[in-house]
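As stored in my_file.cif (mmCIF, C-alpha atoms (C1' of nucleotides)):
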```cif
data_entry
#
loop_
_atom_site.group_PDB
_atom_site.id
_atom_site.type_symbol
_atom_site.label_atom_id
_atom_site.label_comp_id
_atom_site.auth_asym_id
_atom_site.auth_seq_id
_atom_site.Cartn_x
_atom_site.Cartn_y
_atom_site.Cartn_z
ATOM 1 C CA MET V 1 137.378 192.198 168.602
ATOM 2 C CA ILE V 2 138.579 195.498 167.154
ATOM 3 C CA GLN V 3 141.196 195.113 164.446
ATOM 4 C CA GLU V 4 143.252 197.581 162.485
ATOM 5 C CA TYR V 5 144.409 197.107 158.904
ATOM 6 C CA ILE V 6 146.262 199.032 156.249
ATOM 7 C CA ALA V 7 144.941 198.809 152.687
ATOM 8 C CA VAL V 8 147.228 196.001 151.557
ATOM 9 C CA GLU V 9 146.237 193.899 154.546
ATOM 10 C CA LEU V 10 142.552 194.456 153.879
ATOM 11 C CA CYS V 11 142.995 193.290 150.297
ATOM 12 C CA GLU V 12 144.895 190.201 151.323
ATOM 13 C CA GLN V 13 142.974 189.152 154.375
ATOM 14 C CA LEU V 14 139.417 190.312 153.855
ATOM 15 C CA PHE V 15 138.949 190.739 150.137
ATOM 16 C CA GLY V 16 140.502 187.524 148.931
ATOM 17 C CA GLY V 17 143.683 188.966 147.454
ATOM 18 C CA ILE V 18 142.388 191.687 145.134
ATOM 19 C CA LYS V 19 144.859 194.257 143.947
ATOM 20 C CA GLU V 20 145.299 197.296 146.100
ATOM 21 C CA ALA V 21 144.594 199.488 143.073
ATOM 22 C CA THR V 22 141.194 197.863 142.659
ATOM 23 C CA PHE V 23 140.405 198.542 146.271
ATOM 24 C CA ARG V 24 141.406 202.192 145.968
ATOM 25 C CA ARG V 25 139.527 202.691 142.754
ATOM 26 C CA ASN V 26 136.295 201.291 144.176
ATOM 27 C CA LYS V 27 136.907 202.507 147.678
ATOM 28 C CA GLU V 28 133.317 203.527 148.259
ATOM 29 C CA TYR V 29 132.067 200.080 147.383
ATOM 30 C CA TYR V 30 134.601 198.267 149.523
ATOM 31 C CA LEU V 31 134.072 200.536 152.505
ATOM 32 C CA GLY V 32 130.376 199.819 152.104
ATOM 33 C CA GLU V 33 131.176 196.140 152.320
ATOM 34 C CA LEU V 34 133.128 196.676 155.518
ATOM 35 C CA GLU V 35 130.363 198.781 157.032
ATOM 36 C CA LYS V 36 127.842 195.980 156.642
ATOM 37 C CA GLU V 37 129.349 194.251 159.617
ATOM 38 C CA HIS V 38 131.684 196.788 161.205
ATOM 39 C CA ASN V 39 131.799 200.303 162.449
ATOM 40 C CA VAL V 40 134.730 201.690 160.506
ATOM 41 C CA ARG V 41 137.092 204.332 161.828
ATOM 42 C CA PHE V 42 140.361 205.521 160.424
ATOM 43 C CA GLY V 43 143.780 205.741 161.978
ATOM 44 C CA LYS V 44 147.404 205.958 161.015
ATOM 45 C CA ARG V 45 150.366 203.629 160.944
ATOM 46 C CA GLY V 46 153.487 205.431 159.811
ATOM 47 C CA ARG V 47 152.594 207.047 156.542
ATOM 48 C CA HIS V 48 149.675 204.669 155.916
ATOM 49 C CA ILE V 49 146.038 205.249 156.647
ATOM 50 C CA THR V 50 144.592 202.412 158.676
ATOM 51 C CA TYR V 51 141.067 201.042 158.749
ATOM 52 C CA ILE V 52 139.854 200.239 162.220
ATOM 53 C CA LEU V 53 137.105 197.639 162.196
ATOM 54 C CA ASP V 54 134.832 197.381 165.192
ATOM 55 C CA PRO V 55 132.306 194.545 164.717
ATOM 56 C CA LYS V 56 128.690 195.720 164.880
ATOM 57 C CA GLU V 57 126.242 194.218 167.286
ATOM 58 C CA GLN V 58 124.365 191.479 165.457
ATOM 59 C CA THR V 59 120.590 191.366 165.231
ATOM 60 C CA GLU V 60 118.818 188.499 167.001
ATOM 61 C CA GLN V 61 118.311 186.801 163.667
ATOM 62 C CA GLN V 62 121.992 187.093 162.761
ATOM 63 C CA LYS V 63 122.977 185.748 166.160
ATOM 64 C CA ALA V 64 120.671 182.798 165.692
ATOM 65 C CA ASP V 65 122.071 182.123 162.236
ATOM 66 C CA THR V 66 125.646 182.392 163.459
ATOM 67 C CA GLU V 67 124.845 179.915 166.194
ATOM 68 C CA PHE V 68 123.380 177.556 163.612
ATOM 69 C CA PHE V 69 126.529 177.751 161.464
ATOM 70 C CA GLU V 70 128.682 177.126 164.509
ATOM 71 C CA ILE V 71 126.735 173.985 165.277
ATOM 72 C CA LEU V 72 127.109 172.777 161.704
ATOM 73 C CA GLY V 73 130.775 173.684 161.751
ATOM 74 C CA CYS V 74 130.795 174.744 158.116
ATOM 75 C CA ASP V 75 129.809 177.480 155.736
ATOM 76 C CA ILE V 76 126.674 176.779 153.713
ATOM 77 C CA GLY V 77 127.512 179.347 151.036
ATOM 78 C CA GLY V 78 124.516 180.846 149.289
ATOM 79 C CA LYS V 79 122.155 178.074 150.252
ATOM 80 C CA ASN V 80 118.869 178.878 151.888
ATOM 81 C CA ILE V 81 119.403 178.647 155.624
ATOM 82 C CA GLU V 82 115.730 178.113 156.401
ATOM 83 C CA LEU V 83 115.546 175.167 154.037
ATOM 84 C CA MET V 84 118.709 173.741 155.565
ATOM 85 C CA LYS V 85 117.218 174.046 159.030
ATOM 86 C CA PHE V 86 113.974 172.519 157.847
ATOM 87 C CA ILE V 87 115.727 169.440 156.488
ATOM 88 C CA LEU V 88 117.544 168.841 159.766
ATOM 89 C CA LYS V 89 114.443 169.595 161.780
ATOM 90 C CA SER V 90 112.427 167.129 159.719
ATOM 91 C CA ILE V 91 114.930 164.411 160.501
ATOM 92 C CA ILE V 92 115.128 165.249 164.204
ATOM 93 C CA GLU V 93 111.467 165.819 164.937
ATOM 94 C CA GLN V 94 110.264 162.751 163.048
ATOM 95 C CA LYS V 95 106.914 164.296 162.203
ATOM 96 C CA ILE V 96 107.085 164.277 158.437
ATOM 97 C CA VAL V 97 108.581 161.571 156.257
ATOM 98 C CA PRO V 98 112.208 162.549 155.662
ATOM 99 C CA VAL V 99 112.508 161.513 152.025
ATOM 100 C CA GLN V 100 113.673 164.181 149.652
ATOM 101 C CA ASP V 101 110.433 164.548 147.700
ATOM 102 C CA GLU V 102 108.389 164.953 150.846
ATOM 103 C CA ILE V 103 110.774 167.429 152.446
ATOM 104 C CA ALA V 104 110.634 169.534 149.291
ATOM 105 C CA LEU V 105 106.848 169.346 149.272
ATOM 106 C CA GLN V 106 106.472 170.413 152.900
ATOM 107 C CA ALA V 107 109.103 173.137 152.676
ATOM 108 C CA ASN V 108 107.241 174.572 149.717
ATOM 109 C CA ARG V 109 103.964 174.321 151.565
ATOM 110 C CA LEU V 110 105.446 176.326 154.429
ATOM 111 C CA GLY V 111 106.686 178.924 151.999
ATOM 112 C CA LEU V 112 110.347 178.263 152.720
ATOM 113 C CA TRP V 113 110.929 177.479 149.110
ATOM 114 C CA GLY V 114 109.373 178.399 145.798
ATOM 115 C CA THR V 115 109.161 174.941 144.325
ATOM 116 C CA ASP V 116 108.476 171.390 145.363
ATOM 117 C CA SER V 117 111.212 169.982 143.169
ATOM 118 C CA ARG V 118 113.502 167.463 144.848
ATOM 119 C CA GLY V 119 116.764 168.683 143.319
ATOM 120 C CA THR V 120 117.635 171.303 145.869
ATOM 121 C CA VAL V 121 116.845 169.123 148.858
ATOM 122 C CA LYS V 122 119.023 166.444 147.297
ATOM 123 C CA ASN V 123 121.917 168.859 146.955
ATOM 124 C CA TYR V 124 121.487 170.065 150.507
ATOM 125 C CA MET V 125 121.446 166.531 151.873
ATOM 126 C CA ALA V 126 124.535 165.669 149.863
ATOM 127 C CA PHE V 127 126.142 168.738 151.399
ATOM 128 C CA LEU V 128 125.165 167.592 154.887
ATOM 129 C CA LYS V 129 126.690 164.178 154.183
ATOM 130 C CA ASP V 130 129.889 165.646 152.754
ATOM 131 C CA ASN V 131 130.286 167.699 155.892
ATOM 132 C CA GLY V 132 129.771 164.795 158.255
ATOM 133 C CA ILE V 133 126.481 166.105 159.606
ATOM 134 C CA ILE V 134 124.385 163.275 158.227
ATOM 135 C CA VAL V 135 126.345 160.069 158.702
ATOM 136 C CA GLU V 136 126.168 156.495 157.491
ATOM 137 C CA PRO V 137 125.067 153.834 159.971
ATOM 138 C CA MET V 138 127.623 151.524 161.510
ATOM 139 C CA GLU V 139 127.976 148.186 159.734
ATOM 140 C CA ILE V 140 128.872 144.921 161.375
ATOM 141 C CA PRO V 141 130.336 142.136 159.248
ATOM 142 C CA ILE V 142 128.522 138.833 159.605
ATOM 143 C CA TRP V 143 129.781 135.402 158.577
ATOM 144 C CA ILE V 144 127.169 132.682 158.191
ATOM 145 C CA GLU V 145 128.413 129.185 158.980
ATOM 146 C CA ASN V 146 127.947 126.639 156.229
ATOM 147 C CA PRO V 147 125.835 124.745 155.700
ATOM 148 C CA ILE V 148 122.434 126.231 156.464
ATOM 149 C CA ILE V 149 119.703 123.700 157.109
ATOM 150 C CA ASN V 150 116.487 124.591 155.356
ATOM 151 C CA ARG V 151 113.051 123.768 156.777
ATOM 152 C CA ASP V 152 112.824 120.603 154.751
ATOM 153 C CA GLY V 153 116.119 119.431 156.193
ATOM 154 C CA LYS V 154 118.149 120.116 153.077
ATOM 155 C CA GLU V 155 121.611 121.532 153.447
ATOM 156 C CA ILE V 156 122.357 124.742 151.653
ATOM 157 C CA TRP V 157 125.902 125.880 151.060
ATOM 158 C CA ILE V 158 126.525 129.540 150.610
ATOM 159 C CA LYS V 159 129.448 130.317 148.342
ATOM 160 C CA ARG V 160 132.332 131.955 150.132
ATOM 161 C CA LYS V 161 134.222 134.838 148.742
ATOM 162 C CA CYS V 162 137.852 135.179 149.669
ATOM 163 C CA ASP V 163 140.219 138.053 149.652
ATOM 164 C CA PRO V 164 142.502 137.274 146.694
ATOM 165 C CA ASP V 165 145.589 138.446 148.583
ATOM 166 C CA THR V 166 145.196 137.156 152.106
ATOM 167 C CA GLY V 167 142.810 134.282 151.427
ATOM 168 C CA GLU V 168 140.678 135.534 154.270
ATOM 169 C CA ILE V 169 136.990 134.674 154.034
ATOM 170 C CA LEU V 170 134.938 137.790 153.411
ATOM 171 C CA PRO V 171 131.767 138.419 155.406
ATOM 172 C CA THR V 172 128.530 136.957 154.062
ATOM 173 C CA PHE V 173 126.898 140.350 154.504
ATOM 174 C CA HIS V 174 127.090 143.526 156.533
ATOM 175 C CA LYS V 175 124.412 144.295 159.065
ATOM 176 C CA ARG V 176 123.541 147.967 159.191
ATOM 177 C CA ILE V 177 122.837 149.243 162.665
ATOM 178 C CA VAL V 178 120.005 151.596 161.973
ATOM 179 C CA LYS V 179 116.443 152.278 162.972
ATOM 180 C CA HIS V 180 113.686 152.046 160.433
ATOM 181 C CA TYR V 181 110.572 154.111 160.106
ATOM 182 C CA TYR V 182 107.373 153.259 158.313
ATOM 183 C CA PHE V 183 105.034 155.402 156.344
ATOM 184 C CA ASP V 184 101.937 155.168 154.247
ATOM 185 C CA CYS V 185 102.332 156.287 150.675
ATOM 186 C CA VAL V 186 98.972 157.309 149.276
ATOM 187 C CA LYS V 187 98.620 157.686 145.528
ATOM 188 C CA ASN V 188 95.916 158.936 143.222
ATOM 189 C CA GLU V 189 94.570 157.071 140.204
ATOM 190 C CA ALA V 190 97.394 158.355 138.045
ATOM 191 C CA GLY V 191 99.867 156.808 140.435
ATOM 192 C CA LYS V 192 101.133 160.125 141.701
ATOM 193 C CA VAL V 193 101.953 160.309 145.380
ATOM 194 C CA ILE V 194 99.513 162.637 147.064
ATOM 195 C CA ARG V 195 100.677 162.181 150.609
ATOM 196 C CA ARG V 196 103.118 160.360 152.807
ATOM 197 C CA GLU V 197 102.184 159.740 156.404
ATOM 198 C CA ARG V 198 104.512 158.492 159.038
ATOM 199 C CA VAL V 199 103.019 155.864 161.345
ATOM 200 C CA SER V 200 103.135 156.250 165.118
ATOM 201 C CA ASP V 201 105.867 154.543 167.139
ATOM 202 C CA THR V 202 103.323 152.088 168.458
ATOM 203 C CA THR V 203 102.214 151.107 164.994
ATOM 204 C CA ALA V 204 105.816 150.875 163.871
ATOM 205 C CA ARG V 205 106.556 148.441 166.679
ATOM 206 C CA ALA V 206 103.525 146.369 165.791
ATOM 207 C CA ILE V 207 104.555 146.269 162.136
ATOM 208 C CA GLU V 208 108.063 145.280 163.122
ATOM 209 C CA MET V 209 106.816 142.411 165.268
ATOM 210 C CA ALA V 210 104.591 141.154 162.498
ATOM 211 C CA PHE V 211 107.421 141.526 160.061
ATOM 212 C CA ASN V 212 109.885 139.551 162.164
ATOM 213 C CA ASN V 213 107.424 136.700 162.361
ATOM 214 C CA LEU V 214 106.702 136.590 158.659
ATOM 215 C CA TRP V 215 110.217 137.284 157.526
ATOM 216 C CA THR V 216 111.876 134.184 158.981
ATOM 217 C CA GLU V 217 109.291 132.019 157.345
ATOM 218 C CA ALA V 218 109.475 133.771 153.991
ATOM 219 C CA GLU V 219 113.241 133.561 154.095
ATOM 220 C CA GLN V 220 113.078 129.818 154.642
ATOM 221 C CA ARG V 221 110.384 129.249 152.087
ATOM 222 C CA GLU V 222 111.335 131.621 149.308
ATOM 223 C CA LEU V 223 114.878 132.772 149.645
ATOM 224 C CA LEU V 224 117.300 130.215 151.046
ATOM 225 C CA SER V 225 116.745 127.823 148.178
ATOM 226 C CA LEU V 226 117.923 130.516 145.799
ATOM 227 C CA TYR V 227 121.409 130.223 147.225
ATOM 228 C CA ALA V 228 121.481 126.651 146.057
ATOM 229 C CA LEU V 229 120.463 127.818 142.586
ATOM 230 C CA GLY V 230 123.603 129.863 142.486
ATOM 231 C CA TYR V 231 122.147 133.320 142.875
ATOM 232 C CA THR V 232 124.837 135.935 143.326
ATOM 233 C CA ALA V 233 124.976 138.198 146.346
ATOM 234 C CA MET V 234 123.639 140.998 144.187
ATOM 235 C CA GLU V 235 120.707 138.958 142.948
ATOM 236 C CA MET V 236 119.948 137.756 146.449
ATOM 237 C CA LYS V 237 119.885 141.339 147.615
ATOM 238 C CA LYS V 238 117.327 142.174 144.996
ATOM 239 C CA GLU V 239 115.156 139.151 145.759
ATOM 240 C CA ARG V 240 115.287 139.895 149.435
ATOM 241 C CA SER V 241 114.212 143.475 149.044
ATOM 242 C CA LYS V 242 111.337 142.416 146.806
ATOM 243 C CA VAL V 243 110.062 139.861 149.299
ATOM 244 C CA GLN V 244 110.607 142.288 152.118
ATOM 245 C CA ALA V 245 108.716 145.098 150.424
ATOM 246 C CA ARG V 246 105.879 142.726 149.667
ATOM 247 C CA ILE V 247 105.594 141.571 153.269
ATOM 248 C CA ILE V 248 105.701 145.123 154.570
ATOM 249 C CA ARG V 249 103.002 146.094 152.110
ATOM 250 C CA GLU V 250 100.825 143.146 153.149
ATOM 251 C CA ILE V 251 101.194 143.981 156.805
ATOM 252 C CA GLY V 252 100.372 147.597 156.025
ATOM 253 C CA ARG V 253 97.107 146.551 154.420
ATOM 254 C CA GLU V 254 96.195 144.650 157.569
ATOM 255 C CA PHE V 255 96.710 147.915 159.412
ATOM 256 C CA GLY V 256 94.454 149.736 156.967
ATOM 257 C CA MET V 257 97.244 151.438 155.076
ATOM 258 C CA CYS V 258 97.390 151.898 151.314
ATOM 259 C CA ASP V 259 101.050 151.303 150.670
ATOM 260 C CA CYS V 260 103.302 150.784 153.645
ATOM 261 C CA ILE V 261 106.961 151.551 153.032
ATOM 262 C CA ARG V 262 109.972 151.004 155.234
ATOM 263 C CA LYS V 263 113.044 153.199 155.154
ATOM 264 C CA GLU V 264 116.216 153.692 157.111
ATOM 265 C CA GLU V 265 116.089 156.567 159.539
ATOM 266 C CA PRO V 266 118.737 159.116 158.528
ATOM 267 C CA ILE V 267 121.382 159.548 161.205
ATOM 268 C CA ILE V 268 122.645 162.930 162.307
ATOM 269 C CA ASN V 269 126.066 163.065 163.943
ATOM 270 C CA PRO V 270 125.109 162.655 167.630
ATOM 271 C CA THR V 271 127.043 165.642 168.942
ATOM 272 C CA ILE V 272 125.525 167.916 166.330
ATOM 273 C CA LYS V 273 122.113 166.396 166.839
ATOM 274 C CA ARG V 274 122.129 167.219 170.523
ATOM 275 C CA GLN V 275 123.081 170.809 169.814
ATOM 276 C CA LEU V 276 120.521 171.167 167.055
ATOM 277 C CA ASN V 277 117.849 169.821 169.331
ATOM 278 C CA ASP V 278 118.573 172.508 171.911
ATOM 279 C CA TYR V 279 118.830 175.080 169.173
ATOM 280 C CA PHE V 280 115.455 174.272 167.631
ATOM 281 C CA ASN V 281 113.748 174.137 171.015
ATOM 282 C CA GLN V 282 115.158 177.489 171.944
ATOM 283 C CA GLN V 283 114.168 178.990 168.587
ATOM 284 C CA ASP V 284 110.650 177.626 168.785
ATOM 285 C CA ASN V 285 110.181 178.834 172.344
ATOM 286 C CA GLY V 286 111.498 182.249 171.420
ATOM 287 C CA ALA V 287 109.076 182.582 168.558
ATOM 288 C CA TRP V 288 106.261 181.441 170.786
ATOM 289 C CA VAL V 289 106.991 183.910 173.586
ATOM 290 C CA GLN V 290 107.011 186.752 171.101
ATOM 291 C "C1'" DT K 291 107.678 141.107 136.012
ATOM 292 C "C1'" DT K 292 107.946 146.369 140.274
ATOM 293 C "C1'" DT K 293 108.714 150.642 142.409
ATOM 294 C "C1'" DA K 294 110.067 154.456 145.396
ATOM 295 C "C1'" DA K 295 113.840 156.903 146.509
ATOM 296 C "C1'" DG K 296 118.629 158.203 146.012
ATOM 297 C "C1'" DG K 297 122.623 159.515 143.112
ATOM 298 C "C1'" DG K 298 125.127 161.486 138.911
ATOM 299 C "C1'" DT K 299 125.450 164.682 135.267
ATOM 300 C "C1'" DC K 300 124.891 168.652 132.842
ATOM 301 C "C1'" DG K 301 122.774 172.887 130.894
ATOM 302 C "C1'" DT K 302 120.902 177.202 132.459
ATOM 303 C "C1'" DC K 303 120.798 181.140 134.937
ATOM 304 C "C1'" DA K 304 122.004 184.812 137.959
ATOM 305 C "C1'" DA K 305 124.990 187.210 140.634
ATOM 306 C "C1'" DA K 306 129.424 188.557 142.056
ATOM 307 C "C1'" DG K 307 133.903 189.981 141.340
ATOM 308 C "C1'" DG K 308 137.517 192.043 138.862
ATOM 309 C "C1'" DT K 309 139.367 194.733 135.256
ATOM 310 C "C1'" DG K 310 139.859 197.710 130.826
ATOM 311 C "C1'" DC B 311 130.102 201.831 132.447
ATOM 312 C "C1'" DA B 312 130.598 197.546 130.091
ATOM 313 C "C1'" DC B 313 132.534 193.439 129.580
ATOM 314 C "C1'" DC B 314 134.645 189.276 130.684
ATOM 315 C "C1'" DT B 315 135.219 185.149 134.028
ATOM 316 C "C1'" DT B 316 134.049 182.506 137.794
ATOM 317 C "C1'" DT B 317 131.180 180.523 140.892
ATOM 318 C "C1'" DG B 318 127.487 178.108 142.535
ATOM 319 C "C1'" DA B 319 122.624 177.150 143.000
ATOM 320 C "C1'" DC B 320 119.005 174.986 140.723
ATOM 321 C "C1'" DG B 321 116.447 171.466 138.502
ATOM 322 C "C1'" DA B 322 115.537 168.342 134.415
ATOM 323 C "C1'" DC B 323 116.739 163.987 132.955
ATOM 324 C "C1'" DC B 324 118.370 159.498 133.403
ATOM 325 C "C1'" DC B 325 120.285 155.672 135.911
ATOM 326 C "C1'" DT B 326 121.047 152.571 139.974
ATOM 327 C "C1'" DT B 327 119.764 150.576 144.163
ATOM 328 C "C1'" DA B 328 117.360 148.046 147.574
ATOM 329 C "C1'" DA B 329 118.840 143.339 153.150
ATOM 330 C "C1'" DA B 330 119.335 139.902 157.622
#
```
Could you write out this structure as structure tokens?
Amino acid sequence: MIQEYIAVELCEQLFGGIKEATFRRNKEYYLGELEKEHNVRFGKRGRHITYILDPKEQTEQQKADTEFFEILGCDIGGKNIELMKFILKSIIEQKIVPVQDEIALQANRLGLWGTDSRGTVKNYMAFLKDNGIIVEPMEIPIWIENPIINRDGKEIWIKRKCDPDTGEILPTFHKRIVKHYYFDCVKNEAGKVIRRERVSDTTARAIEMAFNNLWTEAEQRELLSLYALGYTAMEMKKERSKVQARIIREIGREFGMCDCIRKEEPIINPTIKRQLNDYFNQQDNGAWVQ
DNA sequence: TTTAAGGGTCGTCAAAGGTG
DNA sequence: CACCTTTGACGACCCTTAAA
């Protein structure tokens, strides 16, 4: 859309409120700025000169980037757009392991980034969360009925927590509705991770089945009794994750893996995910046809 | 008595923007 | 031109967390 401004309006609306004098003094510079994205002509309004801005045709790359920003629905500032795309693509395509260290490593390997340090990926993911692009899984409150009967027939009473104001019984825990993925974490002698490999869907299902079998038993044998010992919710959480990690690791060994690890699959806002999917497909096809 | 990954903080650095 | 000030990205370092 062609738009016409006088100097004051340019300063206010396009240059973030600089003084008109500054604009006039560095006119060449500011016109240069305008000409990056517009064909600039001049006109008149009363006694004022006007600046007529006619947006330039964008290059294919610019169009693609604009489309990407529109899908995200926010401005990414001076962040590296290719790295941002790579993070989202990693999550959507499910080929590499989408933990921050690994994303940084792969992005560096592809030359999208000059370092394999995690910091930047962390910042970018925090940005994606802040902007509602990566979202938290839904949680369902669960109340366990007391008492629980252990394998040996003993009753176990889980301590209830109540809301101090309403007296309402708070949920025993919250179940997170989220998919998990599994990967093998291979380390060298020094304990440094040398590669992370995602397992196939089939293997993941097999691990999950094995896990479900072993978990119920381990819970009965190792964990429920801890409630009776007065472990707090926090401590139980810790114990559970330890036992869980151990079982996953053991199963992994059976499958010939070094160190099997289970993580929550990051969730991308479904609407955005659908659009990104189309976008990446289209981009990849375009590059391929060329 | 773990351990991998995620989160917080802060210093550094570079670039941009504005002004004298 | 030269000098602020601001902004924001980056990454080192350290700490917390983990689930049905």
Each residue of chain K lying at most 10 Å from chain V should get a row with its shortest atom-to-atom pair and the distance in Å to one decimal, counting all atoms listed in the file; could you produce that, ordered by chain and increasing number, as JSON lines?
```
{"residue": "K:DT292", "atom": "C1'", "partner": "V:Lys242", "partner_atom": "CA", "distance": 8.4}
{"residue": "K:DT293", "atom": "C1'", "partner": "V:Lys242", "partner_atom": "CA", "distance": 9.7}
{"residue": "K:DA294", "atom": "C1'", "partner": "V:Ile261", "partner_atom": "CA", "distance": 8.7}
{"residue": "K:DA295", "atom": "C1'", "partner": "V:Val99", "partner_atom": "CA", "distance": 7.3}
{"residue": "K:DG296", "atom": "C1'", "partner": "V:Lys122", "partner_atom": "CA", "distance": 8.3}
{"residue": "K:DG297", "atom": "C1'", "partner": "V:Lys122", "partner_atom": "CA", "distance": 8.9}
{"residue": "K:DG307", "atom": "C1'", "partner": "V:Ile18", "partner_atom": "CA", "distance": 9.4}
{"residue": "K:DG308", "atom": "C1'", "partner": "V:Thr22", "partner_atom": "CA", "distance": 7.9}
{"residue": "K:DT309", "atom": "C1'", "partner": "V:Thr22", "partner_atom": "CA", "distance": 8.2}
```
Using only C-alpha atoms (C1' of nucleotides), which residues sit within 10 Å of DT299 in chain K once same-chain residues fewer than 2 positions away are excluded, as an MDAnalysis selection string? (chainID K and resid 297 301) or (chainID B and resid 323:324)
For DG318 in chain B, please output as a ChimeraX atom specification all residues within 12 Å (counting all atoms listed in the file; exclusion window: fewer than 2 positions along the same chain). /V:76-79,123 /K:303-306 /B:316,320
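Interface residues on chain V toward chain B (cut-off 6 Å, all atoms listed in the file): Gly119, Lys237 and Ser241 of chain V.
Coordinates place CA of Arg47 in chain V at a distance of 18.6 Å from CA of Lys27 in chain V.
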Using all atoms of range 18-30 of chain V that appear in the file, construct an axis-aligned enclosing box with 5 Å of padding on every side and provide its centre coordinates and edge lengths in Å, rounded to one decimal, as JSON.
```
{"center_x": 138.7, "center_y": 197.6, "center_z": 146.1, "size_x": 23.2, "size_y": 21.8, "size_z": 16.9}
```
For Leu10 in chain V, list every protein, DNA or RNA residue within 10 Å, evaluated using only C-alpha atoms (C1' of nucleotides), and leave out those in the same chain fewer than 2 positions away; present the list as a ChimeraX atom specification. /V:4-8,12-18,20,23,30,34,50-51
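You will find CA of Phe86 in chain V at 28.4 Å from CA of Glu208 in chain V.
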